[in-house]
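To keep things clear, I will list the structure first and then write my remarks on it.
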Amino acid sequence: MQTVQVPSTPVVYHRQQPLLWVGRGFFAILGLLVLYILGTNLIKNPTLFAQIFISGLQLGFVYAMIALGYTMVYGIVKLINFAHGDVFMVGAFTSFYAVSKYRLHQWPNTVFPNLDPGIGVIIGAITVILLSMLVCMILAITIERVAYKPLRDAPRISALITAIGVSFFLEFYGALNFVFSPRFIPYERPFEVVAWYIKDGIHRVLPGQQAPENSITFSNIFLIIIGVSILIQLLLQYLVRRTKIGIAMRACSYDRQAARLMGIDVDRVISFTFAVGAAFAGAGGVLYAIAYSLIWTQLGILPGLKAFVAAVLGGIGSIPGAFVGALIMGQAEAMTMGYISTPMRDAVAFTILIIVLLLRPTGIFGEPEKEKA
Amino acid sequence: MEMKSNGNKPTVLEIRGLTKFFGGLAAVRNFDLTLKQGELVGLIGPNGAGKTTVFNMITGLYVPTSGEIYFNGTNVVGLEPHEITRMGIARTFQNIRLFPNLTVLDNVRIAYHPHCGYTLTDGLLRTPRFSAKEKELTEQALNFLSIFQLDRIYNEVAKNLPYGEQRRVEIARALACNPQLLLLDEPAAGMNPREIIELMDLIHFIRERFDLTILLIEHQMRVVMGICEWITVMDFGQVIARGTPKEIQENPLVIEAYLGKGVTHVA
Amino acid sequence: MELGFLLGSLLKIIAIIAYIYGLMWVLGRPSIWAKIAGLVGAFAVVQLALTDINGFRLLNNFDNGLLFQACAMTMVALGLNLIYGFNGQFSLGQWGFYGIGAYAAADITYRWINGDARGLLVLGLGTLLGTLVLIGINTWLQRFRGIPVLSSFTLYLIGALIAGTVAVYLGNQLNPLITPLLGTAGEPGPLNTPAVQQIIYFLSVILAGIFAAQISFLFGLPVLTLGSDYFGIATLGFTIVVNTLMVNSDTILPFPEMKGGRGMIGIPKLTTWFSAFFFMMLVIIIMRNLIHSSTGRSLVAVREDEVAAKAMGIDVAGAKLFAFVVGSFFAGLGGAVYAHYIGFLSPGTFDFLAGFNPLIIVVFGGLGSMTGTITATFGWIFFLEGMLRVLLSQMGTEAPTWRFVLYPITLLLLMLIRPQGLLGSVEWGFLKGPQFTPAPRSRPEPAHESVA
Amino acid sequence: MRSVKFLYVVLAMAMILAACAPTGGGGAAQPKELKVAILAPLSGPVPTFGVSTRDGALMAIDEWNAKGGVLGMKIVPIVEDSQCTPDPAVNAANKVIDQDGVKFIIGEVCSKASIPVSEIANAKGVIQISPTSTNVNVTVDSQGKVKPYIFRACFIDPFQGQVGAKFAWEKLGAKKAFIMLDQANDYVKGLAEEFEKAFTALGGEVVGKATYTAKDTDFSAILAQVAEAKPDVVYLPDYYNVVNLVTKQAKEKGINVPFVGGDGWDSADLDLAAADGGYFTNHYSPDDPRPEVQNFRKAYGEKYKDENGNPKVPDALAALAYDATNLLFEAITQAGTTDTAKVKDALEKIKFSGVSGQITFDANHNPIKSAVILAVKDGAVKFETVVNP
Amino acid sequence: MLLEVHNLNVYYGAIHALQGISFHVEEGEIVTLIGANGAGKSTTLRTISGLLRTRTGYIRYKGRDITNTPAQEIVKMGISHVPEGRKIFAPLTVRENLLMGAYTRNDPNEIQRTMERVFISFPRLKERINQLGGTLSGGEQQMLAMGRGLMSRPTLLLLDEPSMGLSPILVEEIFRIIQEINQQGTSILLVEQNAHMALSIAHRAYVLETGRIVLSGTAKEVAENPMVKAAYLGV
């Protein structure tokens with residue numbers, strides 16, 4: 001629809017909506033209640049609040065890594081890729097085998113014995129992450145080719161059902177004894193976790209010692225997760241804004257037909273999108289495994305779901321939206337765990353989602369739906 | 001075509017100061033229009049001039065930013081689309097919007113829904129009233145379709161029909177709503193010249209038979225100039241001219257903004 | 001050996017589908033007597049097969065259990081098909097309403113047999129008052145034009161909460177009048193005979209359905225305004241929230257007898273083949289009559305094109321809400337029947353992952369096909385729980401782990417081969433719409449000859 | 001046309017009759033075979049527990065078969081996937097009872113699956129021994145009456161909770177306890193509730209209670225509360241997977257309060273470094289020199305290898321499934337018949353020495369056996385003390 | 001012959017959209033297809049550019065059979081399709097839109113040079129180079145769509161309804177640019193509802209009606225045909 005730019009601010013008549021205050025008042029009361037709970041707790045014990053905030057951040061940044069894949073895939077093929085959480089799981093398992101079985105993280109020190117062990121560990125860990133990313137990419141491309149591509153012109157729901165199927169398959173095929181085994185496997189970290197506390201400056205928590213009272217602790221894992229997550233976000237922004245394939249991705253997600261007319265091989269771009277999303281999920285999987293040091297074949301279900309919800313919260317299809325949504329989800333969960341009760345956290349997370357959607361029907365960063373008729 | 005004098009007929013539709021903004025952009029500004037009983041009025045203008053937006057506001061799909069729409073003296077602004085339809089305004093769409101997977105018969109029967117004559121309970125219990133009314137409804141729908149020569153294809157799925165028949169089904173469906181005012185959005189779009197002639201006849205025919213007031217958006221000058229009694233020309237969301245077809249054809253403003261220099265000499 | 005079992009199981013699935021076809025065919029006869037005879041016959045055949053005659057039973061307990069599960073699941077899946085297949089609203093919340101129905105009905109009968117009538121009284125009064133209050137608020141809101149959805153939602157919510165509180169109060173007041181007649185579980189009173197229990201059970205199933213419907217009305221009112229995928233996620237959230245509340249039913253919610261995550265035990269196993277068949281047929285008949293009425297056509301119109309439906313005078317928001325509420329009502333009935341079959345409820349059953357099952361069934365059977373949903377439900381249960389279970393346990397001790405590996409592969413293959421579902425939009429016999437063969441008519445004046 | 005359709009319907013009805021016959025007939029067990037069903041959650045939320053249980057039970061069966069079977073009958077195991085969820089468990093139970101004619105069931109692992117199974121089994125006079133379902137209502141119905149055919153091989157919730165509380169109060173000298181529990185897991189919830197009751201009865205104070213769910217991996221918010229509450233002991237009666245996560249994160253946060261838990265901790269996959277300084281109540285000590293224990297560990301390791309080819313170390317689930325199966329065969333041998341009514345009587349009177357200790361059954365069919373307290377210290381699990389019931 | 005289309009039959013499901021269409025485009029020509037909405041004009045273009053598949057018939061480009069070749073291959077061969085309704089990428093900037101037009105080409109310097117040349121034809125695009133496509137006015141969007149089409153340096157440009165929704169003044173400008181592009185050596189296949197304008201710049205014309213070509217000839221002949229006058233030019 002062609003419209004005309006109006007130079008001066010137009011006079012807009014607000015049509016009187018009867019009883020508008022009832023709905024607004026209801027949500028305002030809800031909001032005030034949440035603020036009250038958080039506020040009193042902040043005043044009562046600021047360090048505890050900060051501690052919970054930090055754990056919320058860590059959770060949020062992990063979700064962000066997975067949510068990016070969801071949001072990119074949804075943006076381009078409008079598919080809720082339920083298997084994404086399981087790709088994340090495969091990433092964690094790949095790194096487990098690389099580390100525990102093949103000692104891949106030690107290769108720099110084995111090959112170059114003179115290398116400083118610190119640097120060796122860093123290079124080794126990066127190798128492990130890269131390997132997991134690669135495996136996840138290949139897996140995602142395979143899944144896309146086998147399960148989604150043949151259904152591209154079928155009703156959207158068919159692809160959703162196959163996505164659920166692929167997800168089940170990865171979880172339960174992985175649980176077979178000769179694949180990953182169904183066990184909860186303790187995960188050997190490629191490097192050790194070091195914690196610090198903040199009280200009159202930053203100090204290291206020595207092994208076996210407790211951080212002093214009223215201090216805020218954080219670990220190198222926390223820093224790495226935040227670092228990698230932000231790095232991935234920047235990388236993705238660069239990819240999408242500056243590179244040819246990135247621009248093509250955006251073009252495809254806006255209008256696939258027009259993209260084909262530009263000579264863009266849409267199928268390849270879609271595969272690429274799946275691969276990029278999976279690579280980030282793979283990196284997320286490794287960091288997740290390092291952080292919590294325990295892996296099993298169903299570890300992807302819940303982070304996957306949460307990350308997806310985060311993507312919807314932020315406005316699915318929007319990359320910054322996924323990031324912001326993930327951080328909000330992380331905080332919502334941590335705050336619920338800290339101040340209400342842990343089992344309620346899913347309920348609270350989804351309640352927040354529903355309320356946000358009611359107030360902004362396409363999520364925080366979502367573009368409003370197109371005009372009808 | 002002789003001109004009818006509608007001076008003393010009652011006003012069916014009166015639009016005053018209708019304005020619609022999308023974001024900061026004005027799609028329609030200060031649009032006025034008055035339709036009297038039995039008139040056939042054309043609304044023309046370049047694509048994007050805001051014609052369809054006016055239709056959407058009349059039928060309640062968009063809520064106007066400001067302005068009033070009186071239908072038979074009632075302000076319909078703020079009413080739900082279905083309420084407006086039930087008051088007696090029906091429409092067709094620029095890009096045909098049939099119910100694609102339903103049969104022609106069902107497409108028409110859906111339009112009868114608001115006055116189907118039985119309640120949900122009747123339907124659930126399959127009371128005699130349900131059977132009787134449903135039979136009546138179907139008979140009525142088939143009769144109706146036969147007027148448009150669609151009765152033979154009553155059992156075809158709408159999406160499989162050729163373009164011209166889809167148009168006719170859409171008009172038939174709109175009329176099945178039992179309207180007093182009919183809004184036609186580019187009914188001739190995509191029709192070949194022969195079909196256009198049939199369409200013009202059809203519009204005349206339904207207007208007489210159903211005692212309709214018709215507001216018509218159309219690009220085919222042949223249709224507009226041929227059947228409309230009055231024409232309103234829009235450009236950039238505003239009315240730039242009104243008058244009889246003859247007046248419009250000679251209006252220099254219209255020629256410049258819409259018809260172009262070419263049109264006059266071809267005509 | 002395995003081949004024999006494979007053939008046997010396959011034959012069983014085919015026989016069930018033939019049974020459904022036969023039932024639908026005989027119900028589709030025009031004569032009312034044929035319908036009744038068919039219904040009674042279909043009931044009797046299975047009842048006979050379930051009866052122990054001289055130690056021989058055609059259908060053993062295993063088949064019996066699968067049958068009941070399939071009946072309950074049919075109700076749930078038909079409800080979802082109404083919401084998604086016919087009305088076009090992608091809902092993942094069906095499982096939550098199933099759970100609500102199960103717990104609500106179980107609570108009524110559990111309390112009743114343990115000498116407490118409050119379950120029935122409170123829920124009965126609550127649904128009654130709730131309906132009255134919702135209708136009252138609705139009538140009052142009719143006076144306003146363009147009222148925001150969130151405001152009407154808030155008003156309905158407040159109304160429902162007040163109705164609920166009043167119902168609890170009244171229920172507690174009335175309870176002492178009835179309790180003495182109930183006796184205790186050990187010494188049943190005059191109102192606790194098996195016959196009365198069956199009546200209470202039927203009441204509880206209906207009440208559970210209505211209760212689920214009311215919840216779905218409150219939830220659906222604001223959430224149905226969301227776009228399709230967003231609606232799906234919000235309803236998924238609903239299922240998860242309901243599950244969380246079930247886990248905390250004894251801590252956050254005041255229902256110690258539900259025992260939270262430990263699971264509710266001691267629910268009387270009152271479901272018989274008669275009640276399962278009765279409620280399933282009830283749902284099928286309601287749904288079939290609804291779909292082939294004018295209201296049903298308006299629901300389908302909303303799926304086909306919302307804007308055009310609005311222009312045809314259909315209240316789109318109302319139609320969506322209506323389909324959602326009726327679908328949830330069916331889910332509630334299904335849950336109630338299930339609860340009294342299994343006799344034990346655990347929040348684990350109502351996990352959101354299991355909530356994908358009705359969706360898978362509906363898509364498998366074909367969106368917008370009742371026949372497809374019914375056959376797919378029976379086929380799915382008898383394939384996954386029947387055939388795979390029987391076959392794999394024949395193949396050694398390691399094989400059962402493969403069950404959930406084979407299942408997704410089957411899912412994938414079927415979806416790739418038939419993305420539109422097994423039966424597309426085909427309907428059998430009874431489920432077909434009324435057919436009209438138009439009488440040849442004299443053609444009224446053709447359009448363009450009358451003018452010109 | 002119409003008659004053709006009618007014919008079809010008749011045919012269909014006939015086919016139902018035909019179809020049910022081959023699989024529906026069931027049939028009694030062959031005299032030379034003893035069928036035993038193992039119901040385990042091989043898929044669903046906790047497949048690992050199912051695999052351990054199945055392996056433990058199968059090992060017992062193999063050993064008995066190697067010895068020539070029970071009463072001269074070869075034991076045929078029938079493994080079913082019951083998913084730790086009521087409906088599949090019920091289907092599995094119905095299937096093994098009615099289709100396969102099984103009269104003895106080992107399983108299910110999860111109480112929420114065992115309870116509905118127990119009702120079916122009890123009604124049919126089929127003996128069910130659940131290795132690991134701790135919920136009281138597995139063996140006792142909602143009216144408080146014992147289900148005659150249902151037994152279990154594990155402690156019930158109250159016992160371990162009380163033992164844990166007593167140990168924390170007396171041996172650790174704890175005055176303030178913090179309880180972490182999973183609301184949705186009845187095993188955890190039961191232990192936690194009993195611990196709380198017993199600990200406060202002894203005079204202790206529960207300074208905090210935090211709940212989580214089984215799918216959680218991040219416990220930092222709860223651990224922040226723990227650090228805040230400064231308890232003397234944290235009671236965490238969950239399975240080793242959760243224990244691994246919690247204790248590791250606690251160590252990383254510098255929380256050095258001793259953790260105390262239940263038999264769920266017992267696993268080769270317990271992270272010994274993380275759980276260092278913790279204690280748990282258990283059925284037996286791995287250091288126990290009793291031959292039952294040592295032979296079982298050795299045989300299990302020989303039979304089952306992990307993905308690296310190293311011998312697997314049995315966890316509590318495998319040990320209990322092994323014991324439950326042995327209990328069953330022992331009782332059948334003692335009864336001298338496979339008549340379940342007689343076998344159940346034998347079970348009620350049995351004195352059995354299994355991996356998890358000396359077992360006798362109380363009136364509610366719960367095993368009476370002594371509990372040991374084990375300590376996780378210096379990368380090993382060490383025997384601490386014995387607590388008798 | 002640059003492009004030869006022979007006996008094209010295209011179906012949308014059960015609808016027979018093109019019923020045996022044959023025509024050709026010579027090097028350096030502007031050829032126009034005129035006809036009502038739904039006559040099959042856009043379908044023809046979409047079939048040529050590989051978005052739709054034909055059941056029978058063939059399409060030859062520079063003597064090579066390109067029937068049912070994927071769209072991206074066709075762009076590489078030098079056929080560029082400017083779709084109906086412009087279909088610019090609204091969330092991309094003008095520069096990014098143009099870069100997408102040059103997707104099949106790899107040399108950045110060459111692309112830069114082409115972009116400069118496009119800016120000569122469409123100076124307004126240069127002014128708005130960093131603006132988002134969606135914020136452009138209708139005329140500018142049409143210019144962007146055409147500029148984007150030129151970025152692949154096509155020998156044949158398929159233009160679908162370039163005048164749609166534009167004011168008469170803009171329409172004239174667009175048609176002037178079309179002629180300019182043609183004079184620089186690009187052949188053009190033009191689909192237009194504004195038959196008057198189309199016929200005024202085209203060399204040859206075909207008239208489509210419900211999936212069939214009912215009339216063909218030089219633009220002048222077609223414009224003077226009484227049937228065309230009545231149906232497409234008449235008032």
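All residue names refer to the structure tokens as shown: chains lettered A, B, ... in order, residues numbered from 1 in each chain, ligands numbered from 1 in order.
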
Problem - Distance filter 6 Å, only C-alpha atoms, chain B against chain A, as a list in words - result: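 Every residue of chain B that passes the 6 Å test is in Leu25, Ala26, Ala27, Gly48 and Ser66 of chain B.
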
Practice task
Within 8 Å of chain D, which residues of chain A are there when counting only C-alpha atoms? Please give them as a ChimeraX atom specification.
Solution key: /A:48,51-52,55,59,172,175,177-178,180-186,193-195,205,207-211,217-219,292-294,298-299,302,334-335,337-338,341-343

Keeping N, CA and C atoms, export the residues of the selection given above as a short mmCIF file (atom, residue, chain, number, x, y, z; two decimals), in the first residue's frame.
data_model
loop_
_atom_site.label_atom_id
_atom_site.label_comp_id
_atom_site.auth_asym_id
_atom_site.auth_seq_id
_atom_site.Cartn_x
_atom_site.Cartn_y
_atom_site.Cartn_z
N LEU A 48 22.81 -11.20 48.03
CA LEU A 48 22.09 -12.37 47.55
C LEU A 48 21.43 -12.05 46.21
N GLN A 51 23.96 -12.14 43.62
CA GLN A 51 24.35 -13.51 43.33
C GLN A 51 23.33 -14.19 42.42
N ILE A 52 22.06 -13.99 42.74
CA ILE A 52 21.00 -14.58 41.92
C ILE A 52 21.02 -13.95 40.53
N SER A 55 23.65 -15.66 38.49
CA SER A 55 23.28 -16.99 37.97
C SER A 55 22.24 -16.85 36.87
N LEU A 59 22.60 -18.32 33.00
CA LEU A 59 21.53 -19.08 32.37
C LEU A 59 21.09 -18.39 31.08
N PHE A 172 16.34 -40.89 21.84
CA PHE A 172 16.26 -42.30 22.21
C PHE A 172 17.23 -43.18 21.43
N ALA A 175 20.21 -42.81 23.36
CA ALA A 175 20.17 -43.51 24.64
C ALA A 175 20.47 -44.99 24.50
N ASN A 177 22.60 -48.33 24.12
CA ASN A 177 23.86 -48.59 24.80
C ASN A 177 25.09 -48.36 23.93
N PHE A 178 24.97 -48.71 22.65
CA PHE A 178 26.16 -48.60 21.81
C PHE A 178 26.29 -47.21 21.19
N PHE A 180 25.23 -43.40 22.77
CA PHE A 180 25.77 -42.57 23.84
C PHE A 180 25.55 -43.21 25.21
N SER A 181 24.71 -44.24 25.27
CA SER A 181 24.27 -44.85 26.52
C SER A 181 23.30 -43.94 27.25
N PRO A 182 22.38 -44.53 28.01
CA PRO A 182 21.37 -43.71 28.67
C PRO A 182 21.84 -43.10 29.97
N ARG A 183 23.11 -43.30 30.32
CA ARG A 183 23.56 -42.88 31.66
C ARG A 183 23.64 -41.37 31.80
N PHE A 184 23.66 -40.95 33.05
CA PHE A 184 24.04 -39.57 33.37
C PHE A 184 25.56 -39.61 33.51
N ILE A 185 26.25 -39.05 32.56
CA ILE A 185 27.69 -39.25 32.53
C ILE A 185 28.38 -38.02 33.12
N PRO A 186 29.23 -38.25 34.14
CA PRO A 186 30.01 -37.11 34.65
C PRO A 186 30.97 -36.65 33.55
N VAL A 193 37.73 -25.26 36.96
CA VAL A 193 36.92 -24.08 37.26
C VAL A 193 37.56 -23.32 38.41
N VAL A 194 37.69 -22.05 38.22
CA VAL A 194 38.24 -21.19 39.25
C VAL A 194 37.16 -20.18 39.62
N ALA A 195 36.98 -19.99 40.92
CA ALA A 195 35.95 -19.03 41.34
C ALA A 195 36.61 -17.83 42.00
N VAL A 205 38.74 -17.59 45.16
CA VAL A 205 38.32 -18.55 46.17
C VAL A 205 39.27 -19.72 46.09
N PRO A 207 40.69 -23.41 46.62
CA PRO A 207 39.98 -24.69 46.65
C PRO A 207 39.72 -25.13 48.07
N GLY A 208 38.53 -25.61 48.30
CA GLY A 208 38.20 -26.11 49.63
C GLY A 208 37.84 -25.02 50.62
N GLN A 209 37.84 -23.80 50.18
CA GLN A 209 37.48 -22.72 51.11
C GLN A 209 36.17 -22.08 50.69
N GLN A 210 35.53 -21.53 51.70
CA GLN A 210 34.26 -20.89 51.41
C GLN A 210 34.50 -19.40 51.25
N ALA A 211 33.77 -18.81 50.31
CA ALA A 211 33.88 -17.36 50.15
C ALA A 211 33.32 -16.70 51.39
N THR A 217 30.16 -14.27 44.45
CA THR A 217 31.14 -15.12 43.78
C THR A 217 30.76 -15.32 42.31
N PHE A 218 31.79 -15.52 41.53
CA PHE A 218 31.57 -15.89 40.12
C PHE A 218 32.76 -16.72 39.69
N SER A 219 32.62 -17.43 38.57
CA SER A 219 33.68 -18.35 38.17
C SER A 219 34.15 -18.03 36.75
N TYR A 292 28.17 -27.49 33.89
CA TYR A 292 27.43 -28.31 34.84
C TYR A 292 28.03 -29.69 34.99
N SER A 293 28.96 -30.03 34.08
CA SER A 293 29.78 -31.22 34.29
C SER A 293 28.97 -32.52 34.36
N LEU A 294 27.83 -32.56 33.69
CA LEU A 294 27.05 -33.79 33.66
C LEU A 294 26.28 -33.79 32.36
N GLN A 298 19.00 -36.61 27.24
CA GLN A 298 17.83 -35.73 27.20
C GLN A 298 18.15 -34.34 27.72
N LEU A 299 19.43 -34.01 27.77
CA LEU A 299 19.78 -32.74 28.37
C LEU A 299 19.33 -31.57 27.52
N LEU A 302 14.95 -29.39 27.85
CA LEU A 302 14.49 -28.22 28.57
C LEU A 302 15.20 -26.94 28.17
N ALA A 334 15.90 -17.29 37.33
CA ALA A 334 16.75 -17.18 38.52
C ALA A 334 16.01 -16.50 39.65
N MET A 335 15.28 -15.43 39.32
CA MET A 335 14.57 -14.70 40.38
C MET A 335 13.47 -15.58 40.98
N MET A 337 13.51 -18.83 41.09
CA MET A 337 14.16 -19.85 41.91
C MET A 337 14.61 -19.25 43.22
N GLY A 338 15.09 -18.03 43.15
CA GLY A 338 15.64 -17.42 44.35
C GLY A 338 14.57 -16.96 45.32
N SER A 341 9.72 -20.08 44.25
CA SER A 341 10.06 -21.47 44.50
C SER A 341 10.44 -22.08 43.17
N THR A 342 11.40 -22.98 43.20
CA THR A 342 11.94 -23.49 41.95
C THR A 342 10.91 -24.16 41.05
N PRO A 343 10.03 -25.01 41.59
CA PRO A 343 9.12 -25.69 40.67
C PRO A 343 8.22 -24.70 39.94
#

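Atom pair CA of Val40 (chain C) / CA of Gly101 (chain C): separated by 27.4 Å.
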
Sorted by chain and rising residue number, which residues of chain E lie within 6 Å of chain A, and what are their closest atom pairs and distances in Å to one decimal, counting only C-alpha atoms, as a Markdown table?
| residue | atom | partner | partner_atom | distance |
| --- | --- | --- | --- | --- |
| E:Ala71 | CA | A:Arg260 | CA | 5.8 |
| E:Gln72 | CA | A:Gly263 | CA | 3.6 |
| E:Val75 | CA | A:Gly263 | CA | 5.1 |
| E:Phe89 | CA | A:Ala251 | CA | 5.9 |
| E:Gly101 | CA | A:Met262 | CA | 5.2 |
| E:Thr104 | CA | A:Gly263 | CA | 5.9 |

Practice task
Extract, using only C-alpha atoms, all DNA, RNA and protein residues at most 8 Å from Gln142 (chain E), discarding same-chain residues fewer than 3 positions from it, and format them as number ranges by chain.
Solution key: E: 86, 138-139, 145-146, 162

Taking N, CA and C atoms for each residue, export the selection above as a short mmCIF file (atom, residue, chain, number, x, y, z; two decimals), in the first residue's frame.
data_model
loop_
_atom_site.label_atom_id
_atom_site.label_comp_id
_atom_site.auth_asym_id
_atom_site.auth_seq_id
_atom_site.Cartn_x
_atom_site.Cartn_y
_atom_site.Cartn_z
N ARG E 86 7.08 -5.26 -7.22
CA ARG E 86 8.44 -4.81 -6.88
C ARG E 86 9.22 -5.78 -6.03
N GLY E 138 6.81 4.54 -3.36
CA GLY E 138 6.50 3.55 -4.38
C GLY E 138 7.37 3.67 -5.61
N GLY E 139 7.55 4.89 -6.08
CA GLY E 139 8.35 5.09 -7.29
C GLY E 139 9.79 4.70 -7.05
N ALA E 145 13.87 -1.78 -7.54
CA ALA E 145 13.65 -3.12 -8.08
C ALA E 145 14.32 -3.26 -9.45
N MET E 146 14.19 -2.23 -10.25
CA MET E 146 14.79 -2.30 -11.58
C MET E 146 16.31 -2.23 -11.49
N PRO E 162 5.84 -2.67 -14.30
CA PRO E 162 6.64 -1.62 -13.66
C PRO E 162 5.83 -0.36 -13.33
#

Exercise: region 97-114 of chain D partners within 7 Å, only C-alpha atoms, chain neighbours under 5 positions left out, as a PDB file with C-alpha atoms, in the first residue's frame:
ATOM      1  CA  ASN C  60      -7.951 -59.817  27.306  1.00  0.00           C
ATOM      2  CA  ASN C  61      -7.160 -57.140  29.834  1.00  0.00           C
ATOM      3  CA  PHE C  62      -4.322 -55.864  27.736  1.00  0.00           C
ATOM      4  CA  ARG C 262       3.554 -38.564  44.422  1.00  0.00           C
ATOM      5  CA  GLY C 263       0.434 -39.135  42.433  1.00  0.00           C
ATOM      6  CA  SER C 346       0.411 -38.678  38.322  1.00  0.00           C
TER       7      SER C 346
ATOM      8  CA  GLY D  24      -5.361 -62.801  22.464  1.00  0.00           C
ATOM      9  CA  GLY D  26      -2.634 -65.987  26.076  1.00  0.00           C
ATOM     10  CA  GLY D  27      -2.213 -69.434  27.421  1.00  0.00           C
ATOM     11  CA  ALA D  28      -0.652 -70.730  30.598  1.00  0.00           C
ATOM     12  CA  ALA D  29       3.080 -70.947  31.134  1.00  0.00           C
ATOM     13  CA  LYS D  35       8.213 -66.595  32.788  1.00  0.00           C
ATOM     14  CA  VAL D  36       9.263 -63.545  34.733  1.00  0.00           C
ATOM     15  CA  ALA D  37       8.479 -60.061  33.579  1.00  0.00           C
ATOM     16  CA  ILE D  38      10.851 -57.170  34.091  1.00  0.00           C
ATOM     17  CA  LEU D  39       9.135 -53.813  33.863  1.00  0.00           C
ATOM     18  CA  ALA D  40      11.672 -51.040  33.537  1.00  0.00           C
ATOM     19  CA  CYS D  84       8.180 -44.548  34.307  1.00  0.00           C
ATOM     20  CA  THR D  85       4.697 -43.338  33.377  1.00  0.00           C
ATOM     21  CA  PRO D  86       1.358 -44.825  34.457  1.00  0.00           C
ATOM     22  CA  ALA D  89       3.315 -49.254  32.728  1.00  0.00           C
ATOM     23  CA  VAL D 126       0.338 -61.918  40.362  1.00  0.00           C
ATOM     24  CA  ILE D 127       3.378 -61.390  42.528  1.00  0.00           C
ATOM     25  CA  GLN D 128       5.125 -58.090  42.002  1.00  0.00           C
ATOM     26  CA  ILE D 129       8.374 -57.166  43.668  1.00  0.00           C
ATOM     27  CA  SER D 130       9.376 -53.643  43.040  1.00  0.00           C
ATOM     28  CA  PRO D 131      13.101 -53.224  43.475  1.00  0.00           C
ATOM     29  CA  THR D 132      13.171 -49.499  44.052  1.00  0.00           C
ATOM     30  CA  SER D 133       9.733 -47.946  44.483  1.00  0.00           C
ATOM     31  CA  THR D 134       9.790 -46.326  47.859  1.00  0.00           C
ATOM     32  CA  ASN D 135       6.278 -44.890  48.013  1.00  0.00           C
ATOM     33  CA  VAL D 138       3.044 -49.415  46.413  1.00  0.00           C
ATOM     34  CA  THR D 325      14.887 -61.148  41.517  1.00  0.00           C
TER      35      THR D 325
END

Problem - Atomic distance CA of Val313 (chain D) - CA of Tyr300 (chain D), expressed in Å with one decimal - result: 7.0 Å

Problem - Check: which chain C residues lie within 6 Å of chain B using only C-alpha atoms, as a list of chain:residue names - result: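 That gives C:Gly146, C:Ile286, C:Asn289, C:Leu290, C:Ser293, C:Ser294, C:Ser298, C:Glu304, C:Ala308, C:Lys310, C:Met312, C:Gly313, C:Ile314, C:Asp315, C:Pro446, C:Ala447, C:His448 for chain C.
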
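Interatomic distance, CA of Lys32 (chain D) to CA of Leu327 (chain D): 20.5 Å.
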
Practice task
For Ala326 (chain A), please output as a ChimeraX atom specification all residues within 8 Å (counting only C-alpha atoms; exclusion window: fewer than 2 positions along the same chain).
Solution key: /A:60-61,63-64,67,307,310-311,314,322-324,328-330

Practice task
Select residues of chain E: the criterion is any atom within 12 Å of an atom of chain B, counting only C-alpha atoms; output as a PyMOL selection string.
Solution key: chain E and resi 11-17+34-42+85+135+137-139+163-172+193-200+207-212+214+223-224+226-235

Problem - DSSP helix (DSSP H, G or I) residues within region 293-369 of chain A, as JSON, numbers by chain - result: {"A": [301, 302, 303, 304, 305, 306, 307, 308, 309, 310, 311, 312, 313, 314, 319, 320, 321, 322, 323, 324, 325, 326, 327, 328, 329, 330, 331, 332, 333, 334, 335, 336, 337, 338, 339, 340, 342, 343, 344, 345, 346, 347, 348, 349, 350, 351, 352, 353, 354, 355, 356, 357, 358, 359]}
